[in-house]
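Structure file query28.csv (CSV, C-alpha atoms and all ligand atoms) is printed below.
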```csv
chain,number,residue,atom,x,y,z
A,1,MET,CA,35.6,-21.9,47.6
A,2,TRP,CA,36.7,-23.7,44.5
A,3,GLU,CA,37.2,-27.4,44.7
A,4,LEU,CA,40.2,-27.7,42.3
A,5,THR,CA,40.1,-31.4,42.2
A,6,GLN,CA,38.7,-34.4,44.1
A,7,ALA,CA,42.0,-36.2,43.8
A,8,CYS,CA,43.7,-37.0,47.1
A,9,ASP,CA,46.0,-39.6,48.4
A,10,LEU,CA,44.2,-39.7,51.8
A,11,ALA,CA,40.9,-41.4,52.6
A,12,CYS,CA,39.8,-39.4,55.6
A,13,LYS,CA,36.7,-40.7,57.5
A,14,HIS,CA,34.9,-37.4,57.1
A,15,CYS,CA,35.7,-36.4,53.5
A,16,ARG,CA,32.9,-34.3,52.0
A,17,ALA,CA,34.4,-34.8,48.5
A,18,ASP,CA,34.5,-38.6,48.7
A,19,ALA,CA,38.1,-38.1,47.5
A,20,ASN,CA,40.0,-40.8,45.6
A,21,PRO,CA,43.5,-40.9,44.1
A,22,GLU,CA,42.5,-40.1,40.5
A,23,ARG,CA,41.7,-36.8,38.9
A,24,HIS,CA,38.4,-36.4,37.2
A,25,PRO,CA,38.6,-36.0,33.4
A,26,ASP,CA,36.0,-33.2,33.4
A,27,GLU,CA,37.7,-31.0,36.0
A,28,LEU,CA,37.8,-27.3,35.0
A,29,THR,CA,40.9,-26.7,32.9
A,30,THR,CA,43.5,-24.1,33.7
A,31,ALA,CA,42.0,-21.7,31.2
A,32,GLU,CA,38.4,-22.3,32.6
A,33,GLY,CA,39.8,-21.8,36.1
A,34,LYS,CA,41.3,-18.5,35.1
A,35,ARG,CA,38.0,-17.3,33.7
A,36,LEU,CA,36.4,-18.3,36.9
A,37,LEU,CA,38.9,-16.3,38.9
A,38,ASP,CA,38.4,-13.3,36.6
A,39,ASP,CA,34.6,-13.6,37.2
A,40,ALA,CA,35.1,-13.9,41.0
A,41,SER,CA,37.2,-10.7,41.0
A,42,ARG,CA,34.0,-8.8,40.0
A,43,PHE,CA,32.4,-9.6,43.4
A,44,ASP,CA,34.5,-7.0,45.1
A,45,ASP,CA,38.0,-5.8,45.6
A,46,GLY,CA,40.0,-8.4,47.4
A,47,GLN,CA,37.4,-11.2,47.2
A,48,LEU,CA,38.6,-14.2,49.2
A,49,VAL,CA,39.1,-17.4,47.3
A,50,VAL,CA,39.8,-20.8,49.0
A,51,LEU,CA,41.3,-23.4,46.7
A,52,SER,CA,40.2,-26.7,48.2
A,53,GLY,CA,39.9,-30.4,47.2
A,54,GLY,CA,40.5,-33.3,47.5
A,55,ASP,CA,44.1,-32.1,47.6
A,56,PRO,CA,44.4,-29.0,45.5
A,57,LEU,CA,48.1,-29.6,45.2
A,58,ALA,CA,47.3,-32.8,43.2
A,59,ARG,CA,46.9,-30.3,40.3
A,60,GLU,CA,50.2,-29.1,38.8
A,61,ASP,CA,48.7,-25.7,38.0
A,62,ALA,CA,47.9,-24.8,41.7
A,63,VAL,CA,50.8,-22.3,41.9
A,64,GLU,CA,49.9,-20.8,38.5
A,65,LEU,CA,46.3,-20.3,39.7
A,66,VAL,CA,47.4,-18.7,43.0
A,67,GLU,CA,49.6,-16.3,41.0
A,68,TYR,CA,46.8,-15.5,38.5
A,69,GLY,CA,44.2,-14.9,41.2
A,70,THR,CA,46.6,-12.7,43.1
A,71,ASP,CA,47.3,-10.6,40.0
A,72,ALA,CA,43.5,-10.3,39.5
A,73,GLY,CA,43.2,-8.7,42.9
A,74,LEU,CA,41.9,-11.8,44.8
A,75,ARG,CA,43.1,-13.0,48.2
A,76,MET,CA,44.1,-16.5,47.5
A,77,THR,CA,44.2,-19.2,50.2
A,78,LEU,CA,44.7,-22.9,50.0
A,79,THR,CA,43.5,-26.0,52.0
A,80,PRO,CA,46.0,-28.8,51.1
A,81,SER,CA,45.8,-32.3,52.5
A,82,GLY,CA,48.6,-33.3,54.9
A,83,THR,CA,50.2,-35.4,52.3
A,84,ALA,CA,53.6,-35.7,50.7
A,85,SER,CA,52.7,-33.0,48.2
A,86,LEU,CA,53.2,-30.4,51.0
A,87,THR,CA,56.9,-29.9,50.6
A,88,ARG,CA,59.0,-26.9,51.8
A,89,GLU,CA,59.7,-26.0,48.2
A,90,ARG,CA,56.0,-26.1,47.3
A,91,ILE,CA,55.0,-23.8,50.2
A,92,GLU,CA,57.7,-21.4,49.4
A,93,THR,CA,56.7,-21.3,45.8
A,94,LEU,CA,53.1,-20.7,46.8
A,95,ALA,CA,54.2,-17.9,49.2
A,96,ASP,CA,56.1,-16.3,46.3
A,97,ALA,CA,53.0,-16.6,44.1
A,98,GLY,CA,51.0,-14.5,46.7
A,99,LEU,CA,49.3,-17.1,48.8
A,100,ARG,CA,47.7,-15.3,51.8
A,101,ARG,CA,46.8,-18.2,54.0
A,102,VAL,CA,47.2,-22.0,54.2
A,103,ALA,CA,44.7,-24.1,56.1
A,104,LEU,CA,45.7,-27.5,57.5
A,105,SER,CA,43.4,-30.0,59.2
A,106,ILE,CA,44.2,-31.4,62.6
A,107,ASP,CA,41.6,-33.8,64.0
A,108,GLY,CA,43.4,-35.3,66.9
A,109,GLY,CA,45.5,-34.0,69.8
A,110,SER,CA,48.1,-36.7,69.1
A,111,ALA,CA,49.7,-38.4,66.2
A,112,ALA,CA,47.8,-41.6,67.0
A,113,ALA,CA,44.4,-40.0,67.2
A,114,HIS,CA,44.8,-37.7,64.1
A,115,ASP,CA,46.3,-40.5,62.0
A,116,ALA,CA,43.5,-42.9,62.9
A,117,PHE,CA,40.9,-40.3,61.9
A,118,ARG,CA,42.6,-39.5,58.7
A,119,LYS,CA,43.5,-43.1,58.0
A,120,GLU,CA,47.2,-42.4,57.2
A,121,THR,CA,50.2,-43.1,59.4
A,122,GLY,CA,52.5,-40.1,59.4
A,123,SER,CA,49.8,-37.6,58.4
A,124,TYR,CA,50.0,-35.7,61.8
A,125,GLU,CA,53.8,-35.4,61.6
A,126,ARG,CA,53.7,-34.1,58.1
A,127,THR,CA,50.9,-31.7,58.9
A,128,VAL,CA,52.8,-30.2,61.9
A,129,ALA,CA,56.0,-30.0,59.8
A,130,ALA,CA,54.0,-28.2,57.0
A,131,ALA,CA,52.7,-25.8,59.6
A,132,GLU,CA,56.2,-25.0,60.7
A,133,THR,CA,57.3,-24.5,57.0
A,134,ALA,CA,54.4,-22.2,56.4
A,135,ARG,CA,55.4,-20.2,59.4
A,136,GLN,CA,58.9,-19.9,58.1
A,137,ALA,CA,57.7,-18.9,54.7
A,138,GLY,CA,55.6,-16.2,56.3
A,139,VAL,CA,52.2,-17.7,55.2
A,140,PRO,CA,49.6,-17.3,58.0
A,141,LEU,CA,48.2,-20.6,59.1
A,142,GLN,CA,44.6,-21.7,59.8
A,143,VAL,CA,43.8,-25.0,61.5
A,144,ASN,CA,40.6,-26.8,60.6
A,145,THR,CA,39.1,-29.4,63.0
A,146,THR,CA,36.0,-31.5,62.5
A,147,VAL,CA,33.8,-31.9,65.6
A,148,CYS,CA,32.0,-35.2,65.9
A,149,ALA,CA,31.6,-38.0,68.4
A,150,GLU,CA,35.0,-39.4,67.3
A,151,THR,CA,36.9,-36.2,67.9
A,152,VAL,CA,35.1,-34.2,70.6
A,153,ASP,CA,37.1,-35.6,73.4
A,154,GLU,CA,40.3,-34.5,71.6
A,155,LEU,CA,39.4,-30.8,71.5
A,156,THR,CA,41.3,-29.7,74.6
A,157,GLU,CA,44.5,-31.3,73.3
A,158,ILE,CA,43.9,-30.0,69.7
A,159,ARG,CA,43.4,-26.5,71.1
A,160,GLN,CA,46.9,-26.7,72.5
A,161,VAL,CA,48.3,-28.0,69.2
A,162,VAL,CA,46.7,-25.0,67.4
A,163,GLU,CA,48.6,-22.7,69.8
A,164,ASP,CA,51.8,-24.6,69.5
A,165,VAL,CA,51.9,-24.5,65.7
A,166,GLY,CA,51.3,-20.8,65.8
A,167,ALA,CA,48.0,-20.7,63.9
A,168,VAL,CA,46.2,-17.3,63.5
A,169,LEU,CA,42.8,-19.0,63.3
A,170,TRP,CA,41.1,-22.2,64.5
A,171,SER,CA,38.2,-23.1,62.3
A,172,VAL,CA,36.0,-25.6,64.0
A,173,PHE,CA,33.6,-27.5,61.7
A,174,PHE,CA,30.6,-29.2,63.2
A,175,LEU,CA,29.9,-32.3,61.2
A,176,VAL,CA,27.3,-32.3,58.5
A,177,PRO,CA,26.7,-35.9,57.3
A,178,VAL,CA,27.5,-35.7,53.6
A,179,GLY,CA,30.1,-37.6,51.6
A,180,ARG,CA,32.1,-40.0,53.8
A,181,GLY,CA,31.0,-37.8,56.7
A,182,ARG,CA,27.9,-40.0,56.7
A,183,VAL,CA,29.8,-42.7,58.5
A,184,LEU,CA,30.7,-40.4,61.4
A,185,ASP,CA,28.4,-39.7,64.4
A,186,PRO,CA,27.4,-36.1,65.1
A,187,ILE,CA,27.4,-35.0,68.7
A,188,SER,CA,24.1,-34.1,70.5
A,189,PRO,CA,22.7,-30.6,70.5
A,190,ALA,CA,23.3,-30.3,74.2
A,191,ARG,CA,27.0,-31.3,73.8
A,192,ALA,CA,27.3,-28.9,70.8
A,193,GLU,CA,26.1,-26.2,73.1
A,194,ARG,CA,28.7,-26.9,75.7
A,195,VAL,CA,31.4,-27.1,73.1
A,196,MET,CA,30.4,-23.7,71.7
A,197,GLU,CA,30.4,-22.2,75.2
A,198,TRP,CA,33.9,-23.6,75.7
A,199,LEU,CA,35.0,-22.3,72.3
A,200,TRP,CA,33.8,-18.9,73.4
A,201,GLU,CA,36.0,-19.0,76.4
A,202,VAL,CA,38.9,-20.2,74.2
A,203,ALA,CA,38.4,-17.3,71.9
A,204,ASP,CA,38.7,-15.0,74.9
A,205,GLU,CA,42.0,-16.2,76.1
A,206,ALA,CA,43.8,-17.9,73.1
A,207,PRO,CA,46.4,-16.1,71.0
A,208,PHE,CA,44.5,-17.2,67.9
A,209,GLY,CA,41.0,-16.4,66.6
A,210,VAL,CA,38.2,-19.0,66.6
A,211,LYS,CA,35.4,-19.4,64.1
A,212,THR,CA,32.9,-22.2,63.5
A,213,THR,CA,31.8,-23.7,60.3
A,214,GLU,CA,28.3,-25.0,59.8
A,215,ALA,CA,27.5,-23.9,63.4
A,216,PRO,CA,26.3,-20.3,63.2
A,217,HIS,CA,24.6,-20.7,66.6
A,218,TYR,CA,28.0,-20.0,68.0
A,219,ARG,CA,27.0,-16.4,67.3
A,220,ARG,CA,23.8,-16.9,69.3
A,221,VAL,CA,25.9,-18.4,72.1
A,222,ALA,CA,28.2,-15.4,72.0
A,223,ALA,CA,25.4,-13.0,72.0
A,224,GLN,CA,23.8,-14.7,75.0
A,225,ARG,CA,27.1,-14.3,76.8
A,226,GLY,CA,27.2,-10.6,76.2
A,227,GLY,CA,29.1,-10.5,72.9
A,228,ASN,CA,27.9,-9.0,69.7
A,229,THR,CA,24.1,-8.8,69.9
A,230,THR,CA,23.4,-6.2,67.2
A,231,GLY,CA,24.4,-8.0,64.1
A,232,ARG,CA,27.2,-9.7,62.4
A,233,PRO,CA,30.8,-8.9,63.4
A,234,THR,CA,32.7,-7.3,60.6
A,235,ALA,CA,35.6,-9.5,59.4
A,236,ASP,CA,38.5,-11.6,60.5
A,237,ASP,CA,42.1,-10.7,60.0
A,238,ILE,CA,42.1,-11.8,56.3
A,239,GLY,CA,39.2,-9.6,55.6
A,240,ARG,CA,36.6,-12.4,55.4
A,241,ARG,CA,33.2,-11.1,56.5
A,242,ALA,CA,32.3,-12.9,59.7
A,243,GLY,CA,28.9,-14.5,59.8
A,244,ILE,CA,29.0,-16.1,56.4
A,245,THR,CA,26.7,-19.1,55.9
A,246,ALA,CA,25.8,-21.3,52.9
A,247,GLY,CA,24.8,-19.0,50.1
A,248,ASP,CA,25.2,-15.9,52.2
A,249,GLY,CA,28.7,-14.5,51.7
A,250,PHE,CA,29.8,-18.0,50.4
A,251,ALA,CA,29.5,-20.1,47.3
A,252,PHE,CA,31.1,-23.4,46.4
A,253,VAL,CA,32.3,-24.3,42.9
A,254,SER,CA,32.9,-28.1,42.4
A,255,HIS,CA,35.8,-29.6,40.4
A,256,VAL,CA,33.6,-29.7,37.3
A,257,GLY,CA,32.2,-26.2,37.8
A,258,ASP,CA,28.9,-26.8,39.4
A,259,VAL,CA,27.9,-24.1,41.9
A,260,TYR,CA,26.4,-24.8,45.3
A,261,PRO,CA,25.6,-22.7,48.3
A,262,SER,CA,28.1,-24.7,50.2
A,263,GLY,CA,30.2,-27.9,49.8
A,264,PHE,CA,27.8,-29.5,52.3
A,265,LEU,CA,24.5,-28.5,50.6
A,266,PRO,CA,24.4,-30.6,47.4
A,267,ARG,CA,21.8,-28.7,45.4
A,268,SER,CA,23.4,-27.0,42.4
A,269,VAL,CA,22.1,-23.8,40.8
A,270,GLY,CA,24.1,-24.1,37.6
A,271,ASN,CA,27.6,-24.4,36.1
A,272,VAL,CA,30.2,-21.7,35.6
A,273,GLY,CA,30.6,-22.8,32.0
A,274,GLU,CA,27.1,-21.5,31.4
A,275,ARG,CA,26.6,-18.6,33.8
A,276,SER,CA,29.1,-16.5,35.7
A,277,ILE,CA,29.7,-17.2,39.4
A,278,VAL,CA,28.5,-13.7,40.2
A,279,ASP,CA,25.2,-14.2,38.4
A,280,LEU,CA,24.6,-17.6,40.0
A,281,TYR,CA,25.4,-16.2,43.4
A,282,ARG,CA,23.3,-13.1,43.1
A,283,ASN,CA,20.4,-14.1,40.9
A,284,THR,CA,19.2,-17.6,41.7
A,285,ASP,CA,16.2,-18.5,43.9
A,286,LEU,CA,18.0,-20.8,46.2
A,287,PHE,CA,20.8,-18.4,47.0
A,288,GLU,CA,18.3,-15.5,47.4
A,289,SER,CA,16.2,-17.5,49.8
A,290,LEU,CA,19.3,-18.5,51.8
A,291,ARG,CA,20.0,-14.8,52.3
A,292,SER,CA,16.5,-14.2,53.6
A,293,PRO,CA,16.3,-15.2,57.3
A,294,ASP,CA,12.6,-14.4,57.3
A,295,SER,CA,12.0,-17.3,54.8
A,296,LEU,CA,13.2,-19.8,57.4
A,297,ARG,CA,10.8,-22.4,58.7
A,298,GLY,CA,10.2,-24.2,62.0
A,299,LYS,CA,11.9,-22.9,65.1
A,300,CYS,CA,14.7,-21.2,63.1
A,301,GLY,CA,11.9,-19.1,61.4
A,302,ALA,CA,10.4,-18.2,64.8
A,303,CYS,CA,13.8,-17.5,66.5
A,304,GLU,CA,14.7,-14.0,67.5
A,305,PHE,CA,18.4,-14.9,66.6
A,306,ARG,CA,17.6,-15.8,63.0
A,307,HIS,CA,19.3,-12.7,61.6
A,308,LEU,CA,22.4,-13.2,63.6
A,309,CYS,CA,22.4,-17.0,63.3
A,310,GLY,CA,19.9,-18.6,61.0
A,311,GLY,CA,21.2,-22.1,61.6
A,312,SER,CA,23.2,-24.4,59.3
A,313,ARG,CA,21.2,-24.6,56.1
A,314,SER,CA,23.4,-27.5,55.0
A,315,ARG,CA,22.5,-29.6,58.1
A,316,ALA,CA,18.9,-28.7,57.7
A,317,PHE,CA,19.0,-30.0,54.1
A,318,ALA,CA,21.0,-33.1,55.1
A,319,TYR,CA,18.3,-34.1,57.6
A,320,SER,CA,15.1,-32.9,56.0
A,321,GLY,CA,15.7,-32.3,52.3
A,322,ASP,CA,14.6,-28.7,53.0
A,323,PRO,CA,17.4,-26.1,53.1
A,324,LEU,CA,15.1,-23.6,54.9
A,325,ALA,CA,14.1,-26.0,57.7
A,326,SER,CA,15.4,-25.8,61.3
A,327,ASP,CA,19.0,-26.9,62.1
A,328,PRO,CA,18.7,-30.0,64.3
A,329,LEU,CA,22.0,-29.4,66.0
A,330,CYS,CA,20.7,-26.3,67.9
A,331,ASP,CA,19.6,-26.8,71.5
A,332,TYR,CA,17.8,-23.4,71.7
A,333,VAL,CA,14.0,-23.2,71.6
A,334,PRO,CA,12.5,-19.7,71.2
A,335,GLU,CA,10.3,-18.9,74.2
A,336,GLU,CA,7.0,-18.5,72.4
A,337,TYR,CA,7.6,-21.4,69.9
A,338,ASP,CA,5.4,-24.5,70.3
A,339,GLY,CA,5.7,-26.0,66.8
A,340,PRO,CA,7.6,-29.3,65.9
A,341,LEU,CA,11.3,-29.7,66.8
A,342,PRO,CA,13.8,-31.1,64.3
A,343,GLU,CA,15.2,-34.5,64.9
A,344,GLN,CA,18.7,-35.9,64.4
A,345,SER,CA,20.3,-39.1,65.6
A,346,PHE,CA,23.6,-38.5,67.5
A,347,THR,CA,26.1,-40.2,69.7
A,348,ASP,CA,27.8,-38.7,72.8
A,349,ARG,CA,30.8,-40.7,73.9
A,350,GLY,CA,32.8,-39.8,77.0
A,351,SER,CA,32.3,-36.6,78.9
A,352,SER,CA,35.7,-35.1,79.6
A,353,THR,CA,36.4,-32.4,76.9
A,354,ALA,CA,34.4,-29.2,76.8
A,355,ASP,CA,31.8,-30.8,79.0
B,1,LIG,S1,16.8,-21.9,66.5
B,1,LIG,FE1,17.8,-21.6,64.5
B,1,LIG,S2,18.1,-19.4,64.3
B,1,LIG,FE2,17.7,-19.8,66.5
B,1,LIG,S3,19.7,-20.0,67.4
B,1,LIG,FE3,19.0,-22.1,66.9
B,1,LIG,S4,19.9,-22.5,64.8
B,1,LIG,FE4,20.0,-20.3,65.2
```
Would you kindly transcribe this structure into structure tokens?
Ligand code: SF4
Amino acid sequence: MWELTQACDLACKHCRADANPERHPDELTTAEGKRLLDDASRFDDGQLVVLSGGDPLAREDAVELVEYGTDAGLRMTLTPSGTASLTRERIETLADAGLRRVALSIDGGSAAAHDAFRKETGSYERTVAAAETARQAGVPLQVNTTVCAETVDELTEIRQVVEDVGAVLWSVFFLVPVGRGRVLDPISPARAERVMEWLWEVADEAPFGVKTTEAPHYRRVAAQRGGNTTGRPTADDIGRRAGITAGDGFAFVSHVGDVYPSGFLPRSVGNVGERSIVDLYRNTDLFESLRSPDSLRGKCGACEFRHLCGGSRSRAFAYSGDPLASDPLCDYVPEEYDGPLPEQSFTDRGSSTAD
């Protein structure tokens, strides 16, 4: 994932990037970005690249970069904000440039709820209109939703919207308190467990796929319900390996080129101006430890699901300062484990959705 820019016209409550209207003067240039894409193409044939932000469409070279990446053999996807930059002409141009998927955020089941969360009147209507335009342009749609105390009661309605807009994938992000997300309230581990069980049922009957972000225990929940228990499932329909977590199948490049295991784990291993993204991903201590479930500590380290799940390393870091500590959102305690349990503060409001 490459954060093209932190510039964005919105001021969403949960923004990881602490986005603001202005572009940063030290953003990677177009030429530096193309070098990064060339490097990324050395990972593997068809490496997936997500252009994120901020609003990646705040950069005028977004289409050029999609085209360049596509020509380099990368599968280019985009996560624009639901702002005025998402015009029909723009989406059609991106489709012509080779865009493989567009991801839009929907955080409420109605215009009122979504707009209140994203702090912009009209955002919901523009997002739904953009979804329709993407469908007409033949670009598959992913919907991203943040799960926290403020949105959890909207999930049933949002699930219906995801179906109505014709999404191929619903990506459900369980809040990690970084950036402006610090002002939001996470849900409790018990509530998260019920939401994941509900998502597992949705995945079974919905016409779209379901994945979680920063909640790998969804795979533990699936395994306990008779799903895949032998290891990671192979890939979703865009070829993304399922079961990716911070630093394992995933790297985040900031707008100025700093490389992190995830956008929610703010510990940089270097800059793409000095070392290639492939080298930073493959050969740095932090990334290597994140790909080693046996190096985990606490109950995640003692858990029989650590190779399948491993917990959110970003959330562990946010709460403890240790990326290898236990994930405090997980309700599961291994049978033989009698060590300390991680703590997190949380808020559970209401009880209707996925309860
Ligand atoms: S204890 Fe850790 S590894 Fe085990 S299921 Fe929970 S988050 Fe995953």
Please report, as a tab-separated table, each residue of stretch 42-66 of chain A lying at most 7 Å from stretch 1-8 of chain A, together with the nearest pair of atoms and the separation in Å rounded to one decimal; use all atoms listed in the file, and order rows by chain and ascending residue number.
```
residue	atom	partner	partner_atom	distance
A:Val49	CA	A:Met1	CA	5.7
A:Val50	CA	A:Met1	CA	4.6
A:Leu51	CA	A:Trp2	CA	5.1
A:Ser52	CA	A:Glu3	CA	4.7
A:Gly53	CA	A:Glu3	CA	4.7
A:Gly54	CA	A:Gln6	CA	4.0
A:Asp55	CA	A:Cys8	CA	4.9
A:Pro56	CA	A:Leu4	CA	5.4
A:Ala58	CA	A:Ala7	CA	6.3
```
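Proximity ranking of A:Glu335, A:Asp327, A:Asp115, A:Asp61 relative to ligand LIG 1 (chain B) places A:Asp327 first, based on all atoms listed in the file.
For ligand LIG 1 (chain B), the neighbouring protein, DNA and RNA residues, which are those within 6 Å when only C-alpha atoms and all ligand atoms are counted, are His217, Arg220, Lys299, Cys300, Cys303, Phe305, Arg306, Cys309, Gly310, Gly311, Ser326, Asp327, Cys330, Tyr332 and Val333 of chain A.
Of the residues listed (A:Ser314, A:Thr30, A:Thr213, A:Thr77), A:Thr213 shows the shortest atom-to-atom separation from A:Thr145; distances use all atoms listed in the file.
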Quote the spacing between atom CA of A:Asp285 and atom CA of A:Val269 in Å to one decimal place.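 About the pair atom CA of A:Asp285 and atom CA of A:Val269: they are 8.5 Å apart.
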Quick one: distance from atom CA of A:Leu265 to atom CA of A:Val162 in Å, one decimal? 28.1 Å
Counting only C-alpha atoms, the option among A:Asp44, A:Ser276, A:Glu193, A:Pro186 closest to A:Arg315: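 Closest to A:Arg315 of all the choices is A:Pro186.
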